[in-house]
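Student: Next comes start-v6.pdb, PDB, C-alpha atoms, pLDDT in the B column:
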ATOM      1  CA  MET R1217       9.958 -77.963  40.543  1.00 91.00           C
ATOM      2  CA  LYS R1218      12.190 -75.614  42.537  1.00 94.00           C
ATOM      3  CA  LEU R1219      15.871 -76.221  43.246  1.00 93.00           C
ATOM      4  CA  ILE R1220      18.501 -74.173  45.050  1.00 94.00           C
ATOM      5  CA  SER R1221      22.140 -74.575  44.045  1.00 94.00           C
ATOM      6  CA  ASP R1222      24.775 -73.364  46.491  1.00 93.00           C
ATOM      7  CA  SER R1223      27.763 -73.600  44.131  1.00 94.00           C
ATOM      8  CA  ARG R1224      28.958 -73.712  40.543  1.00 93.00           C
ATOM      9  CA  GLU R1225      29.660 -77.432  41.005  1.00 94.00           C
ATOM     10  CA  GLN R1226      26.069 -78.088  42.110  1.00 94.00           C
ATOM     11  CA  THR R1227      24.722 -76.125  39.137  1.00 95.00           C
ATOM     12  CA  LEU R1228      26.914 -78.198  36.812  1.00 94.00           C
ATOM     13  CA  GLU R1229      25.650 -81.420  38.433  1.00 94.00           C
ATOM     14  CA  ILE R1230      22.014 -80.333  38.164  1.00 94.00           C
ATOM     15  CA  GLY R1231      22.681 -79.557  34.495  1.00 95.00           C
ATOM     16  CA  ARG R1232      24.342 -82.940  33.969  1.00 93.00           C
ATOM     17  CA  ARG R1233      21.321 -84.739  35.404  1.00 91.00           C
ATOM     18  CA  ILE R1234      18.949 -82.636  33.290  1.00 92.00           C
ATOM     19  CA  GLY R1235      21.057 -83.484  30.222  1.00 93.00           C
ATOM     20  CA  ASN R1236      20.784 -87.189  31.075  1.00 89.00           C
ATOM     21  CA  ALA R1237      16.989 -86.864  31.050  1.00 87.00           C
ATOM     22  CA  LEU R1238      16.794 -85.076  27.694  1.00 89.00           C
ATOM     23  CA  ALA R1239      16.055 -86.742  24.359  1.00 88.00           C
ATOM     24  CA  PRO R1240      16.443 -85.741  20.706  1.00 92.00           C
ATOM     25  CA  GLY R1241      13.960 -82.998  19.850  1.00 90.00           C
ATOM     26  CA  ASP R1242      13.815 -81.534  23.376  1.00 92.00           C
ATOM     27  CA  ILE R1243      14.026 -77.774  23.762  1.00 92.00           C
ATOM     28  CA  VAL R1244      15.210 -76.087  26.959  1.00 96.00           C
ATOM     29  CA  ALA R1245      14.447 -72.389  27.458  1.00 96.00           C
ATOM     30  CA  LEU R1246      16.708 -70.664  29.989  1.00 96.00           C
ATOM     31  CA  ILE R1247      15.371 -67.453  31.477  1.00 95.00           C
ATOM     32  CA  GLY R1248      17.316 -65.324  33.924  1.00 94.00           C
ATOM     33  CA  GLU R1249      19.342 -62.224  34.471  1.00 91.00           C
ATOM     34  CA  LEU R1250      23.025 -61.860  33.688  1.00 88.00           C
ATOM     35  CA  GLY R1251      25.052 -63.969  36.104  1.00 85.00           C
ATOM     36  CA  SER R1252      22.197 -66.283  37.049  1.00 90.00           C
ATOM     37  CA  GLY R1253      24.065 -69.393  35.817  1.00 92.00           C
ATOM     38  CA  LYS R1254      22.520 -70.081  32.405  1.00 93.00           C
ATOM     39  CA  THR R1255      25.821 -70.954  30.717  1.00 93.00           C
ATOM     40  CA  CYS R1256      27.008 -72.998  33.708  1.00 94.00           C
ATOM     41  CA  LEU R1257      23.797 -75.029  33.646  1.00 96.00           C
ATOM     42  CA  THR R1258      24.232 -75.522  29.875  1.00 95.00           C
ATOM     43  CA  GLN R1259      27.784 -76.785  30.451  1.00 96.00           C
ATOM     44  CA  GLY R1260      26.364 -79.389  32.823  1.00 95.00           C
ATOM     45  CA  MET R1261      23.663 -80.368  30.330  1.00 95.00           C
ATOM     46  CA  ALA R1262      26.376 -80.822  27.701  1.00 96.00           C
ATOM     47  CA  LYS R1263      28.095 -83.356  29.985  1.00 95.00           C
ATOM     48  CA  GLY R1264      24.799 -85.193  30.457  1.00 93.00           C
ATOM     49  CA  LEU R1265      24.278 -85.264  26.689  1.00 94.00           C
ATOM     50  CA  GLY R1266      27.711 -86.822  26.163  1.00 94.00           C
ATOM     51  CA  VAL R1267      29.618 -83.827  24.821  1.00 95.00           C
ATOM     52  CA  ALA R1268      33.334 -84.632  25.245  1.00 92.00           C
ATOM     53  CA  GLU R1269      34.984 -83.273  28.402  1.00 90.00           C
ATOM     54  CA  ASN R1270      37.707 -81.563  26.352  1.00 92.00           C
ATOM     55  CA  VAL R1271      35.179 -79.534  24.321  1.00 92.00           C
ATOM     56  CA  PRO R1272      34.677 -76.052  25.799  1.00 90.00           C
ATOM     57  CA  VAL R1273      30.989 -75.138  26.000  1.00 91.00           C
ATOM     58  CA  VAL R1274      30.714 -71.357  25.851  1.00 87.00           C
ATOM     59  CA  SER R1275      27.842 -68.942  25.435  1.00 82.00           C
ATOM     60  CA  PRO R1276      27.341 -68.099  21.762  1.00 74.00           C
ATOM     61  CA  THR R1277      26.568 -64.443  22.491  1.00 69.00           C
ATOM     62  CA  PHE R1278      28.248 -63.177  19.315  1.00 66.00           C
ATOM     63  CA  THR R1279      27.931 -66.229  17.082  1.00 70.00           C
ATOM     64  CA  LEU R1280      24.295 -66.845  18.173  1.00 79.00           C
ATOM     65  CA  VAL R1281      24.599 -70.646  17.730  1.00 84.00           C
ATOM     66  CA  ASN R1282      27.126 -73.259  18.847  1.00 86.00           C
ATOM     67  CA  GLU R1283      26.694 -76.921  17.978  1.00 89.00           C
ATOM     68  CA  TYR R1284      28.316 -79.756  19.925  1.00 92.00           C
ATOM     69  CA  PRO R1285      28.403 -83.470  19.026  1.00 92.00           C
ATOM     70  CA  GLY R1286      27.478 -85.919  21.779  1.00 91.00           C
ATOM     71  CA  ARG R1287      25.277 -88.919  22.612  1.00 91.00           C
ATOM     72  CA  VAL R1288      22.597 -86.439  21.585  1.00 91.00           C
ATOM     73  CA  PRO R1289      23.835 -83.390  19.629  1.00 93.00           C
ATOM     74  CA  LEU R1290      23.528 -80.095  21.525  1.00 94.00           C
ATOM     75  CA  VAL R1291      22.489 -76.882  19.785  1.00 92.00           C
ATOM     76  CA  HIS R1292      23.200 -73.920  22.072  1.00 92.00           C
ATOM     77  CA  LEU R1293      21.503 -70.642  21.145  1.00 88.00           C
ATOM     78  CA  ASP R1294      22.006 -67.269  22.806  1.00 84.00           C
ATOM     79  CA  VAL R1295      19.341 -64.821  21.659  1.00 80.00           C
ATOM     80  CA  TYR R1296      20.429 -61.904  23.865  1.00 75.00           C
ATOM     81  CA  ARG R1297      21.474 -59.791  20.881  1.00 70.00           C
ATOM     82  CA  LEU R1298      18.296 -60.461  18.922  1.00 66.00           C
ATOM     83  CA  SER R1299      15.527 -57.877  18.959  1.00 63.00           C
ATOM     84  CA  GLY R1300      12.837 -60.572  19.026  1.00 63.00           C
ATOM     85  CA  PRO R1301      11.410 -63.691  17.386  1.00 64.00           C
ATOM     86  CA  ARG R1302      11.579 -62.181  13.892  1.00 66.00           C
ATOM     87  CA  ASP R1303      15.387 -62.197  13.984  1.00 70.00           C
ATOM     88  CA  LEU R1304      15.357 -65.887  14.891  1.00 65.00           C
ATOM     89  CA  GLU R1305      12.883 -66.593  12.099  1.00 68.00           C
ATOM     90  CA  ASP R1306      15.324 -64.947   9.678  1.00 68.00           C
ATOM     91  CA  MET R1307      17.997 -67.405  10.900  1.00 69.00           C
ATOM     92  CA  GLY R1308      15.819 -70.399  10.034  1.00 67.00           C
ATOM     93  CA  TYR R1309      15.333 -71.571  13.617  1.00 71.00           C
ATOM     94  CA  GLU R1310      13.018 -74.405  12.532  1.00 72.00           C
ATOM     95  CA  GLU R1311      16.081 -76.358  11.408  1.00 75.00           C
ATOM     96  CA  TYR R1312      17.290 -76.331  15.018  1.00 75.00           C
ATOM     97  CA  PHE R1313      13.925 -76.703  16.782  1.00 76.00           C
ATOM     98  CA  TYR R1314      12.851 -79.677  14.700  1.00 77.00           C
ATOM     99  CA  GLY R1315      16.229 -81.314  14.089  1.00 78.00           C
ATOM    100  CA  GLY R1316      17.586 -84.366  15.853  1.00 84.00           C
ATOM    101  CA  GLY R1317      19.370 -82.692  18.732  1.00 91.00           C
ATOM    102  CA  VAL R1318      18.601 -80.962  22.003  1.00 94.00           C
ATOM    103  CA  VAL R1319      18.256 -77.180  21.780  1.00 94.00           C
ATOM    104  CA  VAL R1320      19.203 -75.011  24.774  1.00 95.00           C
ATOM    105  CA  ILE R1321      18.304 -71.331  24.477  1.00 93.00           C
ATOM    106  CA  GLU R1322      19.760 -68.617  26.697  1.00 92.00           C
ATOM    107  CA  TRP R1323      17.651 -65.440  27.109  1.00 89.00           C
ATOM    108  CA  ALA R1324      14.631 -67.387  25.844  1.00 90.00           C
ATOM    109  CA  GLU R1325      12.195 -64.794  27.213  1.00 89.00           C
ATOM    110  CA  LYS R1326      12.965 -62.756  24.079  1.00 83.00           C
ATOM    111  CA  ILE R1327      11.414 -65.438  21.845  1.00 81.00           C
ATOM    112  CA  ARG R1328       8.868 -66.968  24.222  1.00 84.00           C
ATOM    113  CA  ARG R1329       5.947 -66.705  21.793  1.00 83.00           C
ATOM    114  CA  ILE R1330       7.561 -69.009  19.193  1.00 82.00           C
ATOM    115  CA  LEU R1331       8.658 -71.745  21.609  1.00 87.00           C
ATOM    116  CA  PRO R1332       6.808 -75.051  21.168  1.00 86.00           C
ATOM    117  CA  GLU R1333       4.523 -76.252  23.984  1.00 86.00           C
ATOM    118  CA  ARG R1334       6.893 -79.143  24.672  1.00 85.00           C
ATOM    119  CA  THR R1335       9.635 -76.717  25.804  1.00 92.00           C
ATOM    120  CA  LEU R1336      11.228 -77.255  29.209  1.00 94.00           C
ATOM    121  CA  VAL R1337      11.448 -73.800  30.827  1.00 96.00           C
ATOM    122  CA  ILE R1338      14.066 -73.116  33.501  1.00 97.00           C
ATOM    123  CA  ARG R1339      13.890 -69.773  35.279  1.00 97.00           C
ATOM    124  CA  MET R1340      17.142 -68.955  37.032  1.00 96.00           C
ATOM    125  CA  ALA R1341      17.669 -66.310  39.681  1.00 95.00           C
ATOM    126  CA  TYR R1342      20.867 -64.997  41.227  1.00 91.00           C
ATOM    127  CA  LEU R1343      20.367 -65.089  45.012  1.00 91.00           C
ATOM    128  CA  ASP R1344      23.948 -64.314  46.055  1.00 91.00           C
ATOM    129  CA  GLU R1345      27.519 -64.855  44.863  1.00 89.00           C
ATOM    130  CA  ASN R1346      27.201 -68.657  45.045  1.00 90.00           C
ATOM    131  CA  THR R1347      23.482 -69.381  45.335  1.00 93.00           C
ATOM    132  CA  ARG R1348      21.042 -69.775  42.452  1.00 94.00           C
ATOM    133  CA  GLU R1349      17.360 -70.613  42.382  1.00 95.00           C
ATOM    134  CA  LEU R1350      16.063 -72.765  39.522  1.00 96.00           C
ATOM    135  CA  ILE R1351      12.358 -73.094  38.812  1.00 96.00           C
ATOM    136  CA  ILE R1352      11.683 -75.802  36.246  1.00 95.00           C
ATOM    137  CA  GLU R1353       8.419 -76.271  34.328  1.00 94.00           C
ATOM    138  CA  GLY R1354       7.623 -78.488  31.383  1.00 89.00           C
ATOM    139  CA  PRO R1355       5.626 -81.296  29.819  1.00 83.00           C
ATOM    140  CA  PRO R1356       4.537 -83.958  32.356  1.00 85.00           C
ATOM    141  CA  GLY R1357       6.578 -86.788  30.796  1.00 79.00           C
ATOM    142  CA  THR R1358       9.745 -84.730  30.691  1.00 78.00           C
ATOM    143  CA  MET R1359       9.185 -83.506  34.249  1.00 84.00           C
ATOM    144  CA  ALA R1360       8.662 -87.064  35.548  1.00 82.00           C
ATOM    145  CA  GLU R1361      11.899 -88.252  33.915  1.00 76.00           C
ATOM    146  CA  LEU R1362      13.727 -85.180  35.162  1.00 80.00           C
ATOM    147  CA  GLU R1363      12.534 -85.698  38.752  1.00 83.00           C
ATOM    148  CA  LYS R1364      13.697 -89.316  38.598  1.00 79.00           C
ATOM    149  CA  ARG R1365      17.133 -88.286  37.270  1.00 73.00           C
ATOM    150  CA  LEU R1366      17.556 -85.516  39.821  1.00 77.00           C
ATOM    151  CA  GLU R1367      16.684 -87.880  42.682  1.00 76.00           C
ATOM    152  CA  SER R1368      18.943 -90.698  41.460  1.00 70.00           C
ATOM    153  CA  GLY R1369      22.444 -91.148  42.768  1.00 48.00           C
ATOM    154  CA  GLY R1370      21.750 -90.888  46.497  1.00 38.00           C
ATOM    155  CA  SER R1371      21.132 -87.802  48.544  1.00 37.00           C
ATOM    156  CA  ASN R1372      21.279 -84.486  46.751  1.00 45.00           C
ATOM    157  CA  SER R1373      23.530 -81.764  48.083  1.00 46.00           C
ATOM    158  CA  TRP R1374      21.180 -79.103  46.737  1.00 47.00           C
ATOM    159  CA  ARG R1375      17.869 -78.137  48.295  1.00 49.00           C
TER
END
Using structure tokens, write down the structure from this file.

Tutor:
Amino acid sequence: MKLISDSREQTLEIGRRIGNALAPGDIVALIGELGSGKTCLTQGMAKGLGVAENVPVVSPTFTLVNEYPGRVPLVHLDVYRLSGPRDLEDMGYEEYFYGGGVVVIEWAEKIRRILPERTLVIRMAYLDENTRELIIEGPPGTMAELEKRLESGGSNSWR
């Protein structure tokens, strides 16, 4: 699935609809260069997962992991500072991957080889100051639910 977002607000809305489609145990791998909108998309997913509006969702670049309570708990990982999968293994990532929440991983290309097959992969590209391309791949069931959620709510303002 390929989407184009023309604004921060559209990226947040796409994220919210993705979050609505996610279930406990889902893993979302975000891949993209700096400034491609990974954290913005995660903020939208947090809304869709029921994280309170007054809770700031920020990239855990230095803390590596942020956890947020919601309808489904959100575990937000940023593996940018890790040298590879071994560092994540040392952190005990299995607790997050196989816990009861949704895991969203920024810079997931660094740990691609340890991601489960059920992972939803979102490749994000910076096209210009406001425009982002999102290419979404994942398990058929998750993709079907995601397509339904993205199409719901009338006409989409993104392409």

Student: Please indicate the distance in Å from CA of Met1217 (chain R) to CA of Gly1286 (chain R), rounded to one decimal place.

Tutor: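 Interatomic distance here is 26.9 Å.
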
Student: Name the closest residue to Glu1353 (chain R) among the candidates R:Asp1222, R:Glu1333, R:Glu1249, R:Asp1303; distances are taken between atoms, counting all atoms listed in the file.

Tutor: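 The shortest atom-to-atom distance to Glu1353 (chain R) comes from R:Glu1333.
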
Student: Please indicate the distance in Å from CA of Ala1360 (chain R) to CA of Gly1235 (chain R), rounded to one decimal place.

Tutor: 14.0 Å

Student: Show me the residues around (15.1, -80.9, 37.4) - criterion: an atom at most 7 Å away, all atoms listed in the file counted - as a ChimeraX atom specification.

Tutor: /R:1217,1230,1234,1352,1362-1363,1366

Student: Report, in Å with one decimal, the straight-line distance from CA of Val1295 (chain R) to CA of Pro1276 (chain R).

Tutor: 8.6 Å

Student: Here is a test: counting all atoms listed in the file, which residue of R:Gly1241, R:Ser1275, R:Arg1232, R:Gly1251 is nearest to Asp1344 (chain R)?

Tutor: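 Under the stated criterion, the closest residue is R:Gly1251.
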
Student: Would you pick out the contacts of Ile1243 (chain R) at 8 Å or less, using all atoms listed in the file, so that residues sharing its chain but fewer than 2 positions from it are not included, and give the list as a ChimeraX atom specification?

Tutor: /R:1241,1245,1313,1318-1321,1334-1336

Student: How would the residues just picked look written out with C-alpha atoms as a CSV table (one decimal), keeping the file's coordinate frame?

Tutor:
chain,number,residue,atom,x,y,z
R,1241,GLY,CA,14.0,-83.0,19.8
R,1245,ALA,CA,14.4,-72.4,27.5
R,1313,PHE,CA,13.9,-76.7,16.8
R,1318,VAL,CA,18.6,-81.0,22.0
R,1319,VAL,CA,18.3,-77.2,21.8
R,1320,VAL,CA,19.2,-75.0,24.8
R,1321,ILE,CA,18.3,-71.3,24.5
R,1334,ARG,CA,6.9,-79.1,24.7
R,1335,THR,CA,9.6,-76.7,25.8
R,1336,LEU,CA,11.2,-77.3,29.2
